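**Student:** I am sharing structure23.cif, which consists of mmCIF, N, CA and C atoms:
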```cif
data_coords
#
loop_
_atom_site.group_PDB
_atom_site.id
_atom_site.type_symbol
_atom_site.label_atom_id
_atom_site.label_comp_id
_atom_site.auth_asym_id
_atom_site.auth_seq_id
_atom_site.Cartn_x
_atom_site.Cartn_y
_atom_site.Cartn_z
ATOM 1 N N MET A 1 -39.682 0.598 29.058
ATOM 2 C CA MET A 1 -38.982 -0.661 28.926
ATOM 3 C C MET A 1 -37.719 -0.482 28.087
ATOM 4 N N GLY A 2 -37.818 0.273 26.999
ATOM 5 C CA GLY A 2 -36.666 0.481 26.137
ATOM 6 C C GLY A 2 -35.585 1.308 26.813
ATOM 7 N N LEU A 3 -36.006 2.294 27.619
ATOM 8 C CA LEU A 3 -35.018 3.126 28.316
ATOM 9 C C LEU A 3 -34.265 2.327 29.371
ATOM 10 N N LEU A 4 -34.963 1.421 30.029
ATOM 11 C CA LEU A 4 -34.313 0.582 31.031
ATOM 12 C C LEU A 4 -33.281 -0.325 30.369
ATOM 13 N N LYS A 5 -33.652 -0.940 29.259
ATOM 14 C CA LYS A 5 -32.731 -1.829 28.559
ATOM 15 C C LYS A 5 -31.530 -1.047 28.019
ATOM 16 N N ALA A 6 -31.777 0.137 27.487
ATOM 17 C CA ALA A 6 -30.688 0.960 26.961
ATOM 18 C C ALA A 6 -29.736 1.383 28.077
ATOM 19 N N SER A 7 -30.275 1.717 29.232
ATOM 20 C CA SER A 7 -29.413 2.116 30.346
ATOM 21 C C SER A 7 -28.583 0.933 30.853
ATOM 22 N N ILE A 8 -29.164 -0.260 30.854
ATOM 23 C CA ILE A 8 -28.421 -1.455 31.272
ATOM 24 C C ILE A 8 -27.281 -1.729 30.299
ATOM 25 N N VAL A 9 -27.554 -1.606 29.004
ATOM 26 C CA VAL A 9 -26.516 -1.836 28.000
ATOM 27 C C VAL A 9 -25.419 -0.783 28.120
ATOM 28 N N PHE A 10 -25.783 0.458 28.376
ATOM 29 C CA PHE A 10 -24.799 1.527 28.543
ATOM 30 C C PHE A 10 -23.903 1.248 29.744
ATOM 31 N N ILE A 11 -24.494 0.878 30.857
ATOM 32 C CA ILE A 11 -23.713 0.581 32.066
ATOM 33 C C ILE A 11 -22.822 -0.627 31.838
ATOM 34 N N LEU A 12 -23.367 -1.663 31.206
ATOM 35 C CA LEU A 12 -22.572 -2.850 30.910
ATOM 36 C C LEU A 12 -21.409 -2.503 29.985
ATOM 37 N N GLY A 13 -21.652 -1.677 28.975
ATOM 38 C CA GLY A 13 -20.597 -1.276 28.055
ATOM 39 C C GLY A 13 -19.473 -0.538 28.752
ATOM 40 N N ASN A 14 -19.818 0.398 29.619
ATOM 41 C CA ASN A 14 -18.782 1.126 30.364
ATOM 42 C C ASN A 14 -17.997 0.202 31.288
ATOM 43 N N PHE A 15 -18.692 -0.726 31.910
ATOM 44 C CA PHE A 15 -18.044 -1.687 32.800
ATOM 45 C C PHE A 15 -17.077 -2.583 32.023
ATOM 46 N N VAL A 16 -17.517 -3.064 30.881
ATOM 47 C CA VAL A 16 -16.683 -3.960 30.078
ATOM 48 C C VAL A 16 -15.471 -3.218 29.512
ATOM 49 N N ILE A 17 -15.663 -1.970 29.095
ATOM 50 C CA ILE A 17 -14.534 -1.192 28.583
ATOM 51 C C ILE A 17 -13.479 -1.015 29.673
ATOM 52 N N SER A 18 -13.911 -0.727 30.888
ATOM 53 C CA SER A 18 -12.935 -0.564 31.962
ATOM 54 C C SER A 18 -12.234 -1.884 32.283
ATOM 55 N N LEU A 19 -12.944 -2.988 32.195
ATOM 56 C CA LEU A 19 -12.311 -4.284 32.433
ATOM 57 C C LEU A 19 -11.330 -4.641 31.323
ATOM 58 N N MET A 20 -11.706 -4.350 30.087
ATOM 59 C CA MET A 20 -10.841 -4.709 28.958
ATOM 60 C C MET A 20 -9.546 -3.916 28.977
ATOM 61 N N THR A 21 -9.590 -2.676 29.384
ATOM 62 C CA THR A 21 -8.376 -1.866 29.341
ATOM 63 C C THR A 21 -7.459 -2.132 30.533
ATOM 64 N N LYS A 22 -8.006 -2.513 31.664
ATOM 65 C CA LYS A 22 -7.186 -2.668 32.870
ATOM 66 C C LYS A 22 -6.828 -4.119 33.192
ATOM 67 N N ASN A 23 -7.711 -5.053 32.925
ATOM 68 C CA ASN A 23 -7.543 -6.418 33.428
ATOM 69 C C ASN A 23 -7.464 -7.460 32.331
ATOM 70 N N VAL A 24 -6.684 -7.211 31.306
ATOM 71 C CA VAL A 24 -6.570 -8.173 30.209
ATOM 72 C C VAL A 24 -5.812 -9.425 30.658
ATOM 73 N N ASP A 25 -4.943 -9.293 31.644
ATOM 74 C CA ASP A 25 -4.131 -10.425 32.088
ATOM 75 C C ASP A 25 -4.928 -11.467 32.874
ATOM 76 N N ILE A 26 -6.155 -11.161 33.224
ATOM 77 C CA ILE A 26 -6.993 -12.118 33.958
ATOM 78 C C ILE A 26 -7.335 -13.324 33.085
ATOM 79 N N ILE A 27 -7.251 -13.170 31.780
ATOM 80 C CA ILE A 27 -7.593 -14.256 30.860
ATOM 81 C C ILE A 27 -6.726 -15.485 31.122
ATOM 82 N N ASP A 28 -5.493 -15.282 31.540
ATOM 83 C CA ASP A 28 -4.595 -16.411 31.816
ATOM 84 C C ASP A 28 -5.073 -17.264 32.980
ATOM 85 N N SER A 29 -5.879 -16.719 33.865
ATOM 86 C CA SER A 29 -6.323 -17.481 35.033
ATOM 87 C C SER A 29 -7.540 -18.367 34.754
ATOM 88 N N ILE A 30 -8.159 -18.237 33.590
ATOM 89 C CA ILE A 30 -9.290 -19.108 33.229
ATOM 90 C C ILE A 30 -8.717 -20.491 32.926
ATOM 91 N N PRO A 31 -9.228 -21.550 33.573
ATOM 92 C CA PRO A 31 -8.572 -22.857 33.511
ATOM 93 C C PRO A 31 -8.323 -23.423 32.111
ATOM 94 N N VAL A 32 -9.310 -23.563 31.286
ATOM 95 C CA VAL A 32 -9.114 -24.210 29.992
ATOM 96 C C VAL A 32 -8.743 -23.203 28.910
ATOM 97 N N VAL A 33 -9.391 -22.066 28.925
ATOM 98 C CA VAL A 33 -9.220 -21.070 27.874
ATOM 99 C C VAL A 33 -7.884 -20.349 28.001
ATOM 100 N N GLY A 34 -7.484 -20.014 29.203
ATOM 101 C CA GLY A 34 -6.286 -19.218 29.427
ATOM 102 C C GLY A 34 -5.009 -19.789 28.847
ATOM 103 N N PRO A 35 -4.621 -21.004 29.238
ATOM 104 C CA PRO A 35 -3.376 -21.555 28.701
ATOM 105 C C PRO A 35 -3.429 -21.850 27.200
ATOM 106 N N THR A 36 -4.597 -22.199 26.697
ATOM 107 C CA THR A 36 -4.709 -22.595 25.303
ATOM 108 C C THR A 36 -4.809 -21.408 24.357
ATOM 109 N N PHE A 37 -5.735 -20.498 24.647
ATOM 110 C CA PHE A 37 -6.020 -19.395 23.735
ATOM 111 C C PHE A 37 -5.709 -18.028 24.321
ATOM 112 N N GLY A 38 -5.050 -17.956 25.460
ATOM 113 C CA GLY A 38 -4.844 -16.704 26.172
ATOM 114 C C GLY A 38 -4.146 -15.624 25.361
ATOM 115 N N ASP A 39 -3.044 -15.988 24.692
ATOM 116 C CA ASP A 39 -2.302 -14.987 23.918
ATOM 117 C C ASP A 39 -3.107 -14.471 22.740
ATOM 118 N N ARG A 40 -3.816 -15.378 22.069
ATOM 119 C CA ARG A 40 -4.628 -14.957 20.920
ATOM 120 C C ARG A 40 -5.771 -14.052 21.346
ATOM 121 N N ILE A 41 -6.393 -14.356 22.483
ATOM 122 C CA ILE A 41 -7.502 -13.521 22.976
ATOM 123 C C ILE A 41 -6.995 -12.147 23.375
ATOM 124 N N LYS A 42 -5.834 -12.081 24.028
ATOM 125 C CA LYS A 42 -5.264 -10.787 24.421
ATOM 126 C C LYS A 42 -4.958 -9.922 23.202
ATOM 127 N N LYS A 43 -4.361 -10.530 22.181
ATOM 128 C CA LYS A 43 -4.064 -9.780 20.960
ATOM 129 C C LYS A 43 -5.345 -9.301 20.292
ATOM 130 N N PHE A 44 -6.373 -10.152 20.269
ATOM 131 C CA PHE A 44 -7.643 -9.770 19.661
ATOM 132 C C PHE A 44 -8.287 -8.610 20.407
ATOM 133 N N ILE A 45 -8.265 -8.664 21.726
ATOM 134 C CA ILE A 45 -8.878 -7.597 22.519
ATOM 135 C C ILE A 45 -8.130 -6.282 22.329
ATOM 136 N N LYS A 46 -6.813 -6.336 22.329
ATOM 137 C CA LYS A 46 -6.040 -5.101 22.163
ATOM 138 C C LYS A 46 -6.194 -4.523 20.760
ATOM 139 N N LYS A 47 -6.303 -5.384 19.775
ATOM 140 C CA LYS A 47 -6.403 -4.935 18.391
ATOM 141 C C LYS A 47 -7.817 -4.493 18.035
ATOM 142 N N ASN A 48 -8.822 -5.179 18.546
ATOM 143 C CA ASN A 48 -10.218 -4.938 18.186
ATOM 144 C C ASN A 48 -11.080 -4.742 19.425
ATOM 145 N N GLU A 49 -10.821 -3.693 20.187
ATOM 146 C CA GLU A 49 -11.591 -3.465 21.413
ATOM 147 C C GLU A 49 -13.077 -3.282 21.131
ATOM 148 N N SER A 50 -13.398 -2.583 20.064
ATOM 149 C CA SER A 50 -14.811 -2.339 19.771
ATOM 150 C C SER A 50 -15.527 -3.630 19.382
ATOM 151 N N MET A 51 -14.867 -4.511 18.649
ATOM 152 C CA MET A 51 -15.487 -5.785 18.269
ATOM 153 C C MET A 51 -15.673 -6.679 19.492
ATOM 154 N N ALA A 52 -14.698 -6.702 20.384
ATOM 155 C CA ALA A 52 -14.823 -7.495 21.605
ATOM 156 C C ALA A 52 -15.975 -6.972 22.459
ATOM 157 N N LEU A 53 -16.105 -5.647 22.540
ATOM 158 C CA LEU A 53 -17.216 -5.055 23.286
ATOM 159 C C LEU A 53 -18.549 -5.428 22.655
ATOM 160 N N LEU A 54 -18.618 -5.387 21.348
ATOM 161 C CA LEU A 54 -19.847 -5.745 20.644
ATOM 162 C C LEU A 54 -20.219 -7.204 20.887
ATOM 163 N N ILE A 55 -19.247 -8.084 20.888
ATOM 164 C CA ILE A 55 -19.505 -9.507 21.137
ATOM 165 C C ILE A 55 -20.044 -9.712 22.549
ATOM 166 N N ILE A 56 -19.451 -9.052 23.528
ATOM 167 C CA ILE A 56 -19.896 -9.207 24.918
ATOM 168 C C ILE A 56 -21.306 -8.658 25.104
ATOM 169 N N ILE A 57 -21.584 -7.491 24.531
ATOM 170 C CA ILE A 57 -22.926 -6.911 24.663
ATOM 171 C C ILE A 57 -23.959 -7.769 23.933
ATOM 172 N N THR A 58 -23.590 -8.338 22.786
ATOM 173 C CA THR A 58 -24.512 -9.205 22.054
ATOM 174 C C THR A 58 -24.857 -10.448 22.857
ATOM 175 N N ILE A 59 -23.862 -11.045 23.493
ATOM 176 C CA ILE A 59 -24.124 -12.214 24.343
ATOM 177 C C ILE A 59 -25.027 -11.822 25.512
ATOM 178 N N PHE A 60 -24.773 -10.665 26.098
ATOM 179 C CA PHE A 60 -25.616 -10.179 27.203
ATOM 180 C C PHE A 60 -27.043 -9.946 26.736
ATOM 181 N N GLU A 61 -27.215 -9.332 25.576
ATOM 182 C CA GLU A 61 -28.547 -9.045 25.049
ATOM 183 C C GLU A 61 -29.304 -10.331 24.702
ATOM 184 N N PHE A 62 -28.585 -11.372 24.341
ATOM 185 C CA PHE A 62 -29.229 -12.642 24.039
ATOM 186 C C PHE A 62 -29.964 -13.198 25.247
ATOM 187 N N PHE A 63 -29.438 -12.944 26.442
ATOM 188 C CA PHE A 63 -30.046 -13.473 27.653
ATOM 189 C C PHE A 63 -31.116 -12.571 28.239
ATOM 190 N N ILE A 64 -31.213 -11.329 27.779
ATOM 191 C CA ILE A 64 -32.254 -10.433 28.331
ATOM 192 C C ILE A 64 -33.559 -10.641 27.644
#
```
Have the structure of the file written as structure tokens, please.

**Tutor:**
Amino acid sequence: MGLLKASIVFILGNFVISLMTKNVDIIDSIPVVGPTFGDRIKKFIKKNESMALLIIITIFEFFI
């Protein structure tokens, strides 16, 4: 059970890292969040990639 969960987190982490580095501009297309907080989120992701990854994995782990 632990190995399955660890492998899912590893795959999710690699997927999120590839999305964060290539597709940061997609944030602008989110209806409410994009126009309001888009620039701040982009700066946060570029400055703190590891923290953004940790936040996403933590949210994912909350639902598992």

**Student:** Put a box with edges along x, y and z around all the listed atoms of region 47-56 of chain A, pad it by 5 Å on each side, then give me its centre and sizes in Å, one decimal, as JSON.

**Tutor:**
```
{"center_x": -13.8, "center_y": -6.0, "center_z": 21.6, "size_x": 25.0, "size_y": 17.4, "size_z": 17.1}
```

**Student:** Selection in question (the file shown): the PyMOL selection byres (((chain A and resi 8-15 and name CA) around 10) and name CA). Which residues does it include, as a ChimeraX atom specification?

**Tutor:** /A:2-7,16-20,53-54,56-58,60-61

**Student:** Would you mind reading off the distance between CA of Ser50 (chain A) and CA of Asn23 (chain A), one decimal, in Å?

**Tutor:** 16.0 Å

**Student:** Enter the distance from atom C of Asp25 (chain A) to atom N of Lys42 (chain A), in Å, rounded to one decimal.

**Tutor:**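 Separation between atom C of Asp25 (chain A) and atom N of Lys42 (chain A): 8.9 Å.
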
**Student:** Quick one: DSSP alpha helix (DSSP H) residues in chain A, as a ChimeraX atom specification?

**Tutor:** /A:2-22,33-47,49-63

**Student:** Just the number, please: distance in Å from CA of Phe37 (chain A) to CA of Glu49 (chain A), one decimal.

**Tutor:**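 Computed distance, CA of Phe37 (chain A) to CA of Glu49 (chain A), equals 17.0 Å.
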
**Student:** Within 10 Å of Ile41 (chain A), counting only C-alpha atoms, which residues show up once you throw out same-chain ones fewer than 6 positions away? Write them as a list in words, please.

**Tutor:**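 Once the adjacent positions are removed, what remains is Val24, Ile27, Asp28, Val33, Gly34, Lys47 and Ala52 of chain A.
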